[in-house]
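Chemist: I am sharing work19.cif, which consists of mmCIF, C-alpha atoms and all ligand atoms:
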```cif
data_model
#
loop_
_atom_site.label_atom_id
_atom_site.label_comp_id
_atom_site.auth_asym_id
_atom_site.auth_seq_id
_atom_site.Cartn_x
_atom_site.Cartn_y
_atom_site.Cartn_z
CA MET H 27 20.83 4.75 14.43
CA ALA H 28 19.31 7.81 12.84
CA ILE H 29 18.00 7.74 9.27
CA LYS H 30 20.15 9.93 7.00
CA ASN H 31 17.52 11.04 4.49
CA THR H 32 14.80 12.46 6.73
CA LEU H 33 12.55 14.08 4.07
CA PHE H 34 9.85 11.41 4.26
CA LEU H 35 9.70 11.33 8.07
CA GLN H 36 9.74 15.14 8.20
CA ALA H 37 6.84 15.35 5.77
CA LEU H 38 4.91 12.88 7.92
CA LYS H 39 5.45 15.18 10.91
CA GLY H 40 4.32 18.19 8.89
CA GLU H 41 7.73 19.86 9.07
CA THR H 42 9.02 22.34 6.49
CA VAL H 43 11.21 20.68 3.87
CA GLU H 44 13.45 21.82 1.00
CA ARG H 45 11.51 19.65 -1.40
CA PRO H 46 8.85 17.00 -0.90
CA PRO H 47 9.93 13.35 -0.56
CA VAL H 48 9.04 10.85 -3.29
CA TRP H 49 8.37 7.11 -3.54
CA MET H 50 6.07 5.07 -5.78
CA MET H 51 3.44 2.54 -4.82
CA ARG H 52 4.53 -0.86 -6.18
CA GLN H 53 8.01 0.54 -6.79
CA ALA H 54 9.45 -2.93 -6.10
CA GLY H 55 7.99 -4.73 -9.08
CA ARG H 56 7.63 -5.84 -12.64
CA TYR H 57 8.66 -2.66 -14.51
CA LEU H 58 12.23 -3.31 -13.27
CA PRO H 59 14.42 -5.67 -15.35
CA GLU H 60 16.35 -6.73 -12.24
CA PHE H 61 13.04 -7.73 -10.60
CA MET H 62 12.05 -9.76 -13.69
CA GLU H 63 15.34 -11.66 -13.45
CA LEU H 64 14.45 -12.86 -9.95
CA LYS H 65 10.84 -13.50 -10.98
CA LYS H 66 12.08 -15.97 -13.63
CA LYS H 67 13.78 -18.04 -10.96
CA TYR H 68 11.43 -17.89 -7.99
CA ASP H 69 7.64 -17.97 -7.72
CA PHE H 70 5.76 -15.18 -6.01
CA PHE H 71 5.43 -16.53 -2.48
CA THR H 72 9.01 -17.84 -2.53
CA ARG H 73 10.09 -14.25 -3.22
CA CYS H 74 7.92 -13.05 -0.32
CA GLN H 75 8.98 -15.79 2.09
CA THR H 76 12.73 -15.73 1.51
CA PRO H 77 14.23 -12.76 3.40
CA GLU H 78 17.28 -12.63 1.10
CA LEU H 79 15.01 -12.23 -1.93
CA ALA H 80 12.42 -9.93 -0.36
CA SER H 81 15.12 -7.59 0.97
CA GLU H 82 17.00 -7.61 -2.34
CA ILE H 83 13.81 -6.72 -4.28
CA THR H 84 13.04 -3.98 -1.74
CA VAL H 85 16.35 -2.21 -2.30
CA GLN H 86 16.43 -2.63 -6.12
CA PRO H 87 14.44 0.55 -6.90
CA ILE H 88 16.36 2.52 -4.25
CA ARG H 89 19.68 1.61 -5.87
CA ARG H 90 18.44 2.49 -9.33
CA PHE H 91 16.45 5.70 -8.64
CA GLY H 92 17.22 6.84 -5.10
CA MET H 93 13.67 7.29 -3.82
CA ASP H 94 13.29 8.90 -0.39
CA ALA H 95 11.70 5.80 1.15
CA ALA H 96 11.76 2.05 0.57
CA ILE H 97 8.66 -0.15 0.84
CA LEU H 98 9.13 -3.74 1.88
CA PHE H 99 8.53 -6.25 -0.90
CA SER H 100 5.67 -8.46 0.27
CA ASP H 101 1.93 -8.60 -0.37
CA ILE H 102 -1.27 -7.73 1.44
CA LEU H 103 -2.44 -11.34 0.92
CA VAL H 104 0.11 -12.83 3.33
CA ILE H 105 -2.44 -11.93 6.02
CA PRO H 106 -5.28 -14.22 4.85
CA GLN H 107 -2.67 -16.90 4.20
CA ALA H 108 -1.53 -16.65 7.83
CA MET H 109 -5.20 -16.85 8.89
CA ALA H 110 -5.47 -20.35 7.35
CA ILE H 111 -7.12 -19.17 4.13
CA GLU H 112 -5.37 -20.67 1.13
CA VAL H 113 -3.97 -18.05 -1.31
CA GLU H 114 -2.31 -18.80 -4.64
CA MET H 115 -0.69 -16.31 -7.01
CA LYS H 116 -1.45 -17.60 -10.50
CA PRO H 117 0.82 -16.39 -13.31
CA ASN H 118 -1.04 -14.05 -15.71
CA PHE H 119 -4.14 -14.21 -13.51
CA GLY H 120 -3.30 -12.80 -10.07
CA PRO H 121 -4.49 -13.88 -6.65
CA TYR H 122 -6.67 -17.00 -6.44
CA LEU H 123 -8.27 -18.26 -3.22
CA PRO H 124 -9.69 -21.73 -3.90
CA ASN H 125 -11.81 -21.84 -0.72
CA PRO H 126 -13.44 -18.41 -0.36
CA ILE H 127 -15.27 -17.38 2.79
CA ARG H 128 -19.03 -17.38 2.17
CA SER H 129 -20.67 -18.50 5.47
CA GLN H 130 -20.37 -18.67 9.25
CA LYS H 131 -19.04 -22.20 8.84
CA ASP H 132 -16.27 -20.89 6.58
CA LEU H 133 -15.51 -18.13 9.08
CA ASP H 134 -15.20 -20.62 11.94
CA ARG H 135 -12.11 -22.16 10.36
CA VAL H 136 -10.39 -18.77 10.01
CA ILE H 137 -7.78 -18.27 12.74
CA VAL H 138 -6.17 -15.23 14.34
CA PRO H 139 -2.58 -16.46 14.17
CA ASP H 140 0.49 -15.77 16.24
CA VAL H 141 2.10 -13.38 13.76
CA HIS H 142 5.61 -14.09 15.01
CA GLU H 143 5.10 -17.73 14.12
CA SER H 144 3.28 -17.53 10.81
CA LEU H 145 4.69 -14.23 9.50
CA GLY H 146 8.15 -14.41 11.04
CA TYR H 147 9.60 -14.46 7.51
CA VAL H 148 8.32 -10.90 6.95
CA LEU H 149 9.93 -9.74 10.19
CA ASP H 150 13.20 -11.39 9.14
CA ALA H 151 12.95 -9.68 5.73
CA ILE H 152 12.55 -6.32 7.50
CA LYS H 153 15.65 -6.91 9.63
CA MET H 154 17.67 -7.94 6.59
CA THR H 155 16.40 -4.96 4.59
CA LYS H 156 17.37 -2.56 7.39
CA VAL H 157 20.93 -3.92 7.21
CA LYS H 158 21.03 -3.46 3.42
CA LEU H 159 19.59 0.07 3.59
CA GLN H 160 22.30 1.17 6.06
CA ASP H 161 19.88 3.84 7.38
CA GLU H 162 20.11 5.74 4.10
CA VAL H 163 16.30 5.98 3.76
CA PRO H 164 13.33 4.97 5.93
CA LEU H 165 11.50 1.68 5.37
CA ILE H 166 7.71 1.52 4.99
CA GLY H 167 5.74 -1.51 6.18
CA PHE H 168 2.19 -2.09 5.01
CA ALA H 169 -1.00 -4.08 5.23
CA GLY H 170 -4.26 -4.17 3.33
CA SER H 171 -7.31 -2.66 4.99
CA PRO H 172 -9.64 -5.25 6.49
CA TRP H 173 -12.28 -4.44 3.84
CA THR H 174 -9.79 -4.86 0.98
CA ILE H 175 -8.61 -8.19 2.44
CA LEU H 176 -12.24 -9.31 2.84
CA CYS H 177 -12.76 -8.53 -0.85
CA TYR H 178 -10.22 -11.21 -1.82
CA CYS H 179 -11.26 -13.67 0.92
CA VAL H 180 -14.88 -13.65 -0.25
CA GLN H 181 -14.58 -13.00 -3.99
CA GLY H 182 -11.76 -15.55 -4.23
CA GLN H 183 -9.93 -13.50 -6.87
CA GLY H 184 -9.52 -9.99 -8.20
CA SER H 185 -12.62 -8.32 -9.65
CA LYS H 186 -13.80 -5.10 -11.25
CA THR H 187 -16.84 -4.96 -8.96
CA PHE H 188 -16.19 -7.31 -6.00
CA ASP H 189 -19.89 -8.13 -6.30
CA LYS H 190 -19.68 -11.38 -4.29
CA ALA H 191 -17.82 -9.61 -1.48
CA LYS H 192 -20.46 -6.87 -1.34
CA GLU H 193 -23.34 -9.35 -1.56
CA PHE H 194 -21.80 -11.23 1.38
CA CYS H 195 -21.68 -8.03 3.46
CA PHE H 196 -25.23 -7.04 2.58
CA THR H 197 -26.82 -10.49 3.09
CA GLN H 198 -24.73 -11.76 6.05
CA PRO H 199 -23.54 -8.61 7.81
CA LEU H 200 -22.85 -10.34 11.12
CA VAL H 201 -20.57 -12.91 9.50
CA ALA H 202 -18.90 -10.13 7.50
CA HIS H 203 -18.22 -8.13 10.66
CA GLY H 204 -16.87 -11.29 12.31
CA LEU H 205 -14.41 -11.74 9.45
CA LEU H 206 -13.47 -8.04 9.39
CA GLN H 207 -12.72 -8.15 13.13
CA LYS H 208 -10.52 -11.25 12.82
CA ILE H 209 -8.60 -9.57 9.98
CA THR H 210 -8.28 -6.38 12.04
CA ASP H 211 -6.93 -8.21 15.10
CA THR H 212 -4.38 -10.03 12.95
CA THR H 213 -3.39 -6.84 11.12
CA ILE H 214 -2.83 -4.87 14.32
CA ALA H 215 -0.56 -7.55 15.77
CA TYR H 216 1.22 -7.84 12.41
CA LEU H 217 1.87 -4.10 11.98
CA LYS H 218 3.04 -3.78 15.59
CA ALA H 219 5.49 -6.63 15.00
CA LYS H 220 6.67 -4.93 11.80
CA VAL H 221 7.37 -1.71 13.70
CA ALA H 222 9.23 -3.67 16.38
CA ALA H 223 11.27 -5.33 13.60
CA GLY H 224 12.31 -1.93 12.26
CA VAL H 225 9.88 -0.30 9.81
CA ASN H 226 9.74 3.49 10.21
CA ALA H 227 6.15 4.04 9.05
CA VAL H 228 3.20 1.92 8.01
CA GLN H 229 0.70 2.30 5.18
CA VAL H 230 -2.77 0.78 5.11
CA PHE H 231 -3.91 0.05 1.53
CA ASP H 232 -7.68 0.32 1.17
CA SER H 233 -7.42 -0.41 -2.53
CA TRP H 234 -11.10 -1.32 -2.90
CA GLY H 235 -12.66 1.13 -0.43
CA GLY H 236 -13.99 3.09 -3.39
CA MET H 237 -16.21 0.11 -4.32
CA LEU H 238 -18.46 1.05 -1.39
CA SER H 239 -20.97 3.87 -1.06
CA PRO H 240 -19.98 6.41 1.59
CA GLU H 241 -22.56 4.88 3.97
CA ASP H 242 -21.38 1.32 3.41
CA TYR H 243 -17.77 2.52 3.72
CA ASN H 244 -18.62 3.82 7.17
CA GLU H 245 -19.99 0.42 8.11
CA PHE H 246 -17.66 -2.08 6.46
CA SER H 247 -14.33 -0.32 5.98
CA TRP H 248 -13.65 2.77 8.02
CA PRO H 249 -14.26 1.50 11.61
CA TYR H 250 -11.65 -1.22 11.13
CA ILE H 251 -9.05 1.16 9.68
CA GLN H 252 -9.72 3.44 12.64
CA GLN H 253 -8.97 0.55 15.02
CA ILE H 254 -5.66 0.01 13.24
CA VAL H 255 -4.76 3.72 13.40
CA ASP H 256 -5.67 3.85 17.10
CA ALA H 257 -3.48 0.84 17.85
CA LEU H 258 -0.49 1.97 15.77
CA LYS H 259 -0.34 5.76 15.89
CA ASN H 260 1.81 5.91 19.02
CA GLU H 261 4.27 3.39 17.60
CA ALA H 262 4.83 4.75 14.09
CA PRO H 263 3.31 7.25 11.64
CA VAL H 264 0.36 5.69 9.80
CA ILE H 265 -0.52 6.52 6.17
CA VAL H 266 -4.05 5.64 5.07
CA PHE H 267 -4.51 5.20 1.32
CA GLY H 268 -8.07 4.66 0.15
CA LYS H 269 -8.39 4.28 -3.61
CA GLY H 270 -11.52 6.13 -4.73
CA CYS H 271 -12.17 7.26 -1.15
CA TRP H 272 -12.12 11.05 -1.55
CA PHE H 273 -15.48 11.12 0.24
CA ALA H 274 -13.80 9.82 3.40
CA LEU H 275 -10.93 12.34 3.52
CA LYS H 276 -12.59 14.42 6.22
CA THR H 277 -13.15 11.43 8.51
CA MET H 278 -9.65 10.17 7.78
CA SER H 279 -8.11 13.56 8.59
CA GLN H 280 -9.56 13.36 12.11
CA SER H 281 -8.41 9.79 12.76
CA GLY H 282 -4.88 10.22 14.08
CA ALA H 283 -3.32 9.09 10.78
CA ALA H 284 -0.12 11.00 9.92
CA ALA H 285 -0.88 11.20 6.19
CA LEU H 286 -3.59 10.36 3.67
CA GLY H 287 -3.16 8.91 0.20
CA VAL H 288 -5.09 10.44 -2.67
CA ASP H 289 -5.74 9.07 -6.16
CA TRP H 290 -5.79 11.08 -9.40
CA THR H 291 -9.57 11.46 -9.57
CA CYS H 292 -9.39 14.02 -6.74
CA SER H 293 -7.65 17.35 -7.41
CA ALA H 294 -4.98 18.63 -5.03
CA GLN H 295 -7.20 21.58 -4.18
CA ASN H 296 -10.21 19.41 -3.41
CA ALA H 297 -8.10 16.95 -1.38
CA ARG H 298 -6.68 19.82 0.71
CA TYR H 299 -10.18 21.24 1.19
CA LEU H 300 -11.77 17.91 2.16
CA SER H 301 -8.94 16.97 4.54
CA GLY H 302 -9.02 20.31 6.36
CA GLY H 303 -5.76 21.77 5.03
CA ASN H 304 -3.40 20.61 7.78
CA ILE H 305 -2.71 16.95 7.29
CA THR H 306 0.07 15.57 5.05
CA LEU H 307 -1.23 14.24 1.73
CA GLN H 308 0.38 11.64 -0.54
CA GLY H 309 -0.23 11.12 -4.23
CA ASN H 310 -1.67 11.44 -6.81
CA PHE H 311 -0.07 11.11 -10.26
CA ASP H 312 -2.14 8.97 -12.63
CA PRO H 313 0.07 5.84 -13.07
CA THR H 314 -0.88 5.72 -16.75
CA ARG H 315 0.55 9.25 -17.17
CA LEU H 316 3.98 7.68 -16.79
CA PHE H 317 3.58 6.77 -20.47
CA SER H 318 3.82 10.46 -21.39
CA PRO H 319 7.25 11.60 -22.68
CA PRO H 320 9.76 12.28 -19.85
CA ALA H 321 9.77 16.04 -20.52
CA GLU H 322 6.00 16.13 -20.09
CA ILE H 323 6.20 14.00 -16.93
CA LYS H 324 8.61 16.55 -15.49
CA LYS H 325 6.24 19.44 -16.21
CA MET H 326 3.26 17.61 -14.76
CA VAL H 327 5.16 16.63 -11.61
CA THR H 328 6.31 20.22 -11.06
CA LYS H 329 2.74 21.43 -11.43
CA MET H 330 1.49 18.71 -9.07
CA ILE H 331 3.93 19.86 -6.37
CA ARG H 332 2.82 23.49 -6.86
CA ASP H 333 -0.82 22.38 -6.60
CA PHE H 334 -0.34 20.39 -3.37
CA GLY H 335 2.35 22.70 -1.97
CA LYS H 336 5.85 21.44 -1.13
CA ASP H 337 5.15 21.02 2.59
CA ARG H 338 2.90 18.40 4.16
CA TYR H 339 3.16 16.54 0.93
CA ILE H 340 4.66 13.24 -0.25
CA VAL H 341 4.95 12.80 -3.99
CA ASN H 342 3.60 9.45 -5.18
CA LEU H 343 1.39 7.89 -7.81
CA GLY H 344 -2.35 7.65 -7.26
CA HIS H 345 -2.06 3.82 -7.40
CA GLY H 346 0.61 1.23 -8.17
CA ILE H 347 3.06 1.64 -11.06
CA LEU H 348 2.08 -0.38 -14.15
CA PRO H 349 4.42 -3.21 -15.25
CA THR H 350 4.75 -1.84 -18.80
CA VAL H 351 6.05 1.62 -17.85
CA PRO H 352 9.51 2.32 -19.37
CA VAL H 353 12.22 2.52 -16.71
CA GLU H 354 13.38 5.92 -18.03
CA ASN H 355 9.86 7.33 -17.50
CA ALA H 356 9.84 6.13 -13.89
CA LYS H 357 13.24 7.78 -13.53
CA ALA H 358 11.89 11.04 -15.00
CA PHE H 359 9.15 11.02 -12.34
CA ILE H 360 11.61 10.58 -9.46
CA ASP H 361 14.16 13.02 -10.92
CA ALA H 362 11.53 15.71 -11.42
CA VAL H 363 10.89 15.71 -7.68
CA LYS H 364 14.55 15.56 -6.72
CA SER H 365 15.37 18.57 -8.91
CA TYR H 366 12.36 20.58 -7.71
CA SER H 367 13.01 23.99 -6.24
CA GLU H 368 10.60 26.80 -5.43
O1 LIG H 401 4.78 -1.48 -3.31
C1 LIG H 401 5.76 -2.24 -3.38
O2 LIG H 401 6.70 -2.07 -4.17
C2 LIG H 401 5.86 -3.40 -2.40
C3 LIG H 401 5.28 -4.60 -2.89
C4 LIG H 401 3.78 -4.81 -2.99
C5 LIG H 401 3.25 -5.87 -3.75
N1 LIG H 401 1.90 -5.92 -3.53
C6 LIG H 401 4.04 -6.78 -4.61
C7 LIG H 401 3.36 -7.55 -5.67
C8 LIG H 401 2.71 -4.17 -2.34
C9 LIG H 401 2.69 -2.95 -1.45
C10 LIG H 401 1.53 -4.90 -2.70
C11 LIG H 401 0.20 -4.56 -2.19
C12 LIG H 401 -0.98 -5.15 -2.80
N2 LIG H 401 -1.15 -6.43 -3.23
C13 LIG H 401 -2.21 -4.48 -2.94
C14 LIG H 401 -2.50 -3.08 -2.50
C15 LIG H 401 -1.93 -2.07 -3.42
C16 LIG H 401 -2.67 -1.98 -4.70
O3 LIG H 401 -2.01 -2.09 -5.74
O4 LIG H 401 -3.87 -1.72 -4.67
C17 LIG H 401 -3.11 -5.37 -3.54
C18 LIG H 401 -4.56 -5.10 -3.91
C19 LIG H 401 -2.43 -6.62 -3.71
C20 LIG H 401 -2.98 -7.90 -4.23
C21 LIG H 401 -2.24 -8.37 -5.41
N3 LIG H 401 -0.97 -8.85 -5.39
C22 LIG H 401 -2.72 -8.45 -6.75
C23 LIG H 401 -4.08 -7.99 -7.18
C24 LIG H 401 -1.70 -8.99 -7.51
C25 LIG H 401 -1.76 -9.42 -8.95
C26 LIG H 401 -1.99 -8.34 -9.89
C27 LIG H 401 -0.77 -7.51 -10.08
O5 LIG H 401 -0.85 -6.29 -9.97
O6 LIG H 401 0.26 -8.10 -10.36
C28 LIG H 401 -0.59 -9.21 -6.66
C29 LIG H 401 0.75 -9.72 -7.04
C30 LIG H 401 1.92 -8.85 -6.76
N4 LIG H 401 2.18 -8.22 -5.58
C31 LIG H 401 2.97 -8.59 -7.66
C32 LIG H 401 3.89 -7.77 -6.97
C33 LIG H 401 5.20 -7.26 -7.48
C34 LIG H 401 3.07 -9.10 -9.11
C35 LIG H 401 3.18 -10.56 -9.25
C36 LIG H 401 4.59 -11.07 -9.26
O7 LIG H 401 5.55 -10.36 -8.93
O8 LIG H 401 4.77 -12.26 -9.59
#
```
Take the structure in this file and express it as structure tokens.
Ligand code: CP3
Modeler:
Amino acid sequence: MAIKNTLFLQALKGETVERPPVWMMRQAGRYLPEFMELKKKYDFFTRCQTPELASEITVQPIRRFGMDAAILFSDILVIPQAMAIEVEMKPNFGPYLPNPIRSQKDLDRVIVPDVHESLGYVLDAIKMTKVKLQDEVPLIGFAGSPWTILCYCVQGQGSKTFDKAKEFCFTQPLVAHGLLQKITDTTIAYLKAKVAAGVNAVQVFDSWGGMLSPEDYNEFSWPYIQQIVDALKNEAPVIVFGKGCWFALKTMSQSGAAALGVDWTCSAQNARYLSGGNITLQGNFDPTRLFSPPAEIKKMVTKMIRDFGKDRYIVNLGHGILPTVPVENAKAFIDAVKSYSE
């Protein structure tokens, strides 16, 4: 069946649109009271692993705001979990991996799983979400970039610097590349299975790519994202989002990706210049700017669309929405795009 709201898919193809599509990274999450209700009753991985819950959380923001695309509720860390690396989500702390990967011996126990077996619950959640969405809007599937997943696998938790992850790459590069390749192989199989289950596009989150120098990025992050794009681009449009990775926009624009994510530290003009002017860009509203009064949000969003241009553009934040953002401010962001006209 054809998707009714085609704005997002049109923008990914570079087609002319009436207005740009809009969705928000982390739109299925803690700023929503209806999400917090479910969070009280079920722990994080129960929410991820129960298709009824994951699909319900996915459609919550669509019902409330009517974004132009849904993103499946899940997490990038289901991949290391499926690879036999233990992952916990600790309340008020975040991800915690009690047995981080620090040596060849650690790497040897990491598996490349059969994704249908170990991640079948995600595929079931996609099928259930597609039923609930009734083809109103497209559904985005996602994965972390291999480098960003390595960050958690080695550091063992979130970090402002990911110093242990970087030290691991710089002192044991062969082991690091071994881990990156295992993550890549798993991710490719996983994203292909997601497309087969029904997602209409995929996004690769390189949330910590900007921790690396441009040279180190070209060694430890980019080649693995390129493998993913190569493997997926004929199956579904691929969006590559690298937080802090403005320096890689040129390389990314020549990769076969359908669109590139941009954060708020890079201006629209500079992002267009660096990416060659032809590829669809996605971003880049500072998530903290959603604390501005709704009237100001509307003005800033209108200016952002003028700066990027309405075509080849997907309105989004420059990173995930913060849990403390008032719901009416999130609504002002979405509404500003929906009421946009030239
Ligand atoms: O975007 C969406 O609405 C879909 C859901 C989604 C989640 N995580 C749900 C989630 C997506 C796309 C992610 C991706 C993700 N997870 C990334 C990449 C995007 C980014 O923000 O950079 C990263 C780095 C993670 C790892 C992760 N998961 C962290 C660091 C945390 C804890 C800190 C935090 O922000 O809460 C999580 C937990 C998590 N993933 C929550 C949600 C809604 C909050 C915890 C909870 O609901 O109990």
Chemist: Applying 7 Å and only C-alpha atoms, which residues near H:Leu165 remain after dropping the ones on its own chain fewer than 2 positions away? List them as a list in words.
Modeler: Ala95, Ala96, Ile97, Leu98, Val163, Gly167, Val225, Asn226 and Ala227 of chain H
Chemist: Each residue of chain H lying at most 6 Å from ligand LIG 401 (chain H) should get a row with its shortest atom-to-atom pair and the distance in Å to one decimal, counting only C-alpha atoms and all ligand atoms; could you produce that, ordered by chain and increasing number, as CSV?
Modeler:
```
residue,atom,partner,partner_atom,distance
H:Met51,CA,H:LIG401,O1,4.5
H:Arg52,CA,H:LIG401,O1,2.9
H:Gln53,CA,H:LIG401,O2,3.9
H:Ala54,CA,H:LIG401,O2,3.5
H:Gly55,CA,H:LIG401,C33,4.1
H:Arg56,CA,H:LIG401,C33,5.9
H:Phe70,CA,H:LIG401,O8,4.7
H:Ile97,CA,H:LIG401,C2,5.4
H:Leu98,CA,H:LIG401,C2,5.4
H:Phe99,CA,H:LIG401,C3,4.2
H:Ser100,CA,H:LIG401,C3,5.0
H:Asp101,CA,H:LIG401,N1,4.1
H:Ile102,CA,H:LIG401,N2,4.8
H:Gly120,CA,H:LIG401,C25,3.9
H:Pro121,CA,H:LIG401,C24,5.7
H:Gly184,CA,H:LIG401,C23,5.9
H:Phe231,CA,H:LIG401,C14,5.3
H:Ser233,CA,H:LIG401,O4,4.3
H:Gly346,CA,H:LIG401,O3,4.9
```
Chemist: Nearest to H:Gly92: which of H:Phe273, H:Trp173, H:Trp49, H:Phe196 is it, counting only C-alpha atoms?
Modeler: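 Going through H:Phe273, H:Trp173, H:Trp49, H:Phe196 one by one, the smallest distance to H:Gly92 is for H:Trp49.
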Chemist: Just give me the gap between atom CA of H:Arg315 and atom CA of H:Ala294 in Å, one decimal is fine.
Modeler: 16.3 Å
Chemist: Got a sec: who's within 9 Å of H:Lys30, counting only C-alpha atoms, leaving out chain neighbours fewer than 5 positions off, as a PyMOL selection string?
Modeler: chain H and resi 161-164
Chemist: Between atom CA of H:Ala285 and atom CA of H:Ile83, measure the distance and give it in Å to one decimal.
Modeler: 25.4 Å
Chemist: Determine, counting all atoms listed in the file, which protein, DNA and RNA residues have an atom within 12 Å of an atom of H:Val363; residues of the same chain fewer than 3 positions away are not included. Present the result as a PDB file with C-alpha atoms, keeping the file's coordinate frame.
Modeler:
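In the end it all went to out34.pdb:
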```
ATOM      1  CA  LEU H  33      12.550  14.080   4.070  1.00  0.00           C
ATOM      2  CA  GLU H  44      13.450  21.820   1.000  1.00  0.00           C
ATOM      3  CA  ARG H  45      11.510  19.650  -1.400  1.00  0.00           C
ATOM      4  CA  PRO H  46       8.850  17.000  -0.900  1.00  0.00           C
ATOM      5  CA  PRO H  47       9.930  13.350  -0.560  1.00  0.00           C
ATOM      6  CA  VAL H  48       9.040  10.850  -3.290  1.00  0.00           C
ATOM      7  CA  TRP H  49       8.370   7.110  -3.540  1.00  0.00           C
ATOM      8  CA  MET H  50       6.070   5.070  -5.780  1.00  0.00           C
ATOM      9  CA  PHE H  91      16.450   5.700  -8.640  1.00  0.00           C
ATOM     10  CA  GLY H  92      17.220   6.840  -5.100  1.00  0.00           C
ATOM     11  CA  MET H  93      13.670   7.290  -3.820  1.00  0.00           C
ATOM     12  CA  ASP H  94      13.290   8.900  -0.390  1.00  0.00           C
ATOM     13  CA  ILE H 323       6.200  14.000 -16.930  1.00  0.00           C
ATOM     14  CA  LYS H 324       8.610  16.550 -15.490  1.00  0.00           C
ATOM     15  CA  LYS H 325       6.240  19.440 -16.210  1.00  0.00           C
ATOM     16  CA  MET H 326       3.260  17.610 -14.760  1.00  0.00           C
ATOM     17  CA  VAL H 327       5.160  16.630 -11.610  1.00  0.00           C
ATOM     18  CA  THR H 328       6.310  20.220 -11.060  1.00  0.00           C
ATOM     19  CA  LYS H 329       2.740  21.430 -11.430  1.00  0.00           C
ATOM     20  CA  MET H 330       1.490  18.710  -9.070  1.00  0.00           C
ATOM     21  CA  ILE H 331       3.930  19.860  -6.370  1.00  0.00           C
ATOM     22  CA  ARG H 332       2.820  23.490  -6.860  1.00  0.00           C
ATOM     23  CA  LYS H 336       5.850  21.440  -1.130  1.00  0.00           C
ATOM     24  CA  TYR H 339       3.160  16.540   0.930  1.00  0.00           C
ATOM     25  CA  ILE H 340       4.660  13.240  -0.250  1.00  0.00           C
ATOM     26  CA  VAL H 341       4.950  12.800  -3.990  1.00  0.00           C
ATOM     27  CA  ASN H 342       3.600   9.450  -5.180  1.00  0.00           C
ATOM     28  CA  ALA H 356       9.840   6.130 -13.890  1.00  0.00           C
ATOM     29  CA  LYS H 357      13.240   7.780 -13.530  1.00  0.00           C
ATOM     30  CA  ALA H 358      11.890  11.040 -15.000  1.00  0.00           C
ATOM     31  CA  PHE H 359       9.150  11.020 -12.340  1.00  0.00           C
ATOM     32  CA  ILE H 360      11.610  10.580  -9.460  1.00  0.00           C
ATOM     33  CA  TYR H 366      12.360  20.580  -7.710  1.00  0.00           C
ATOM     34  CA  SER H 367      13.010  23.990  -6.240  1.00  0.00           C
ATOM     35  CA  GLU H 368      10.600  26.800  -5.430  1.00  0.00           C
TER      36      GLU H 368
END
```
Chemist: With distances taken over all atoms listed in the file, which of H:Val351, H:Leu38, H:Val113, H:Val43 is nearest to H:Val266?
Modeler: H:Leu38
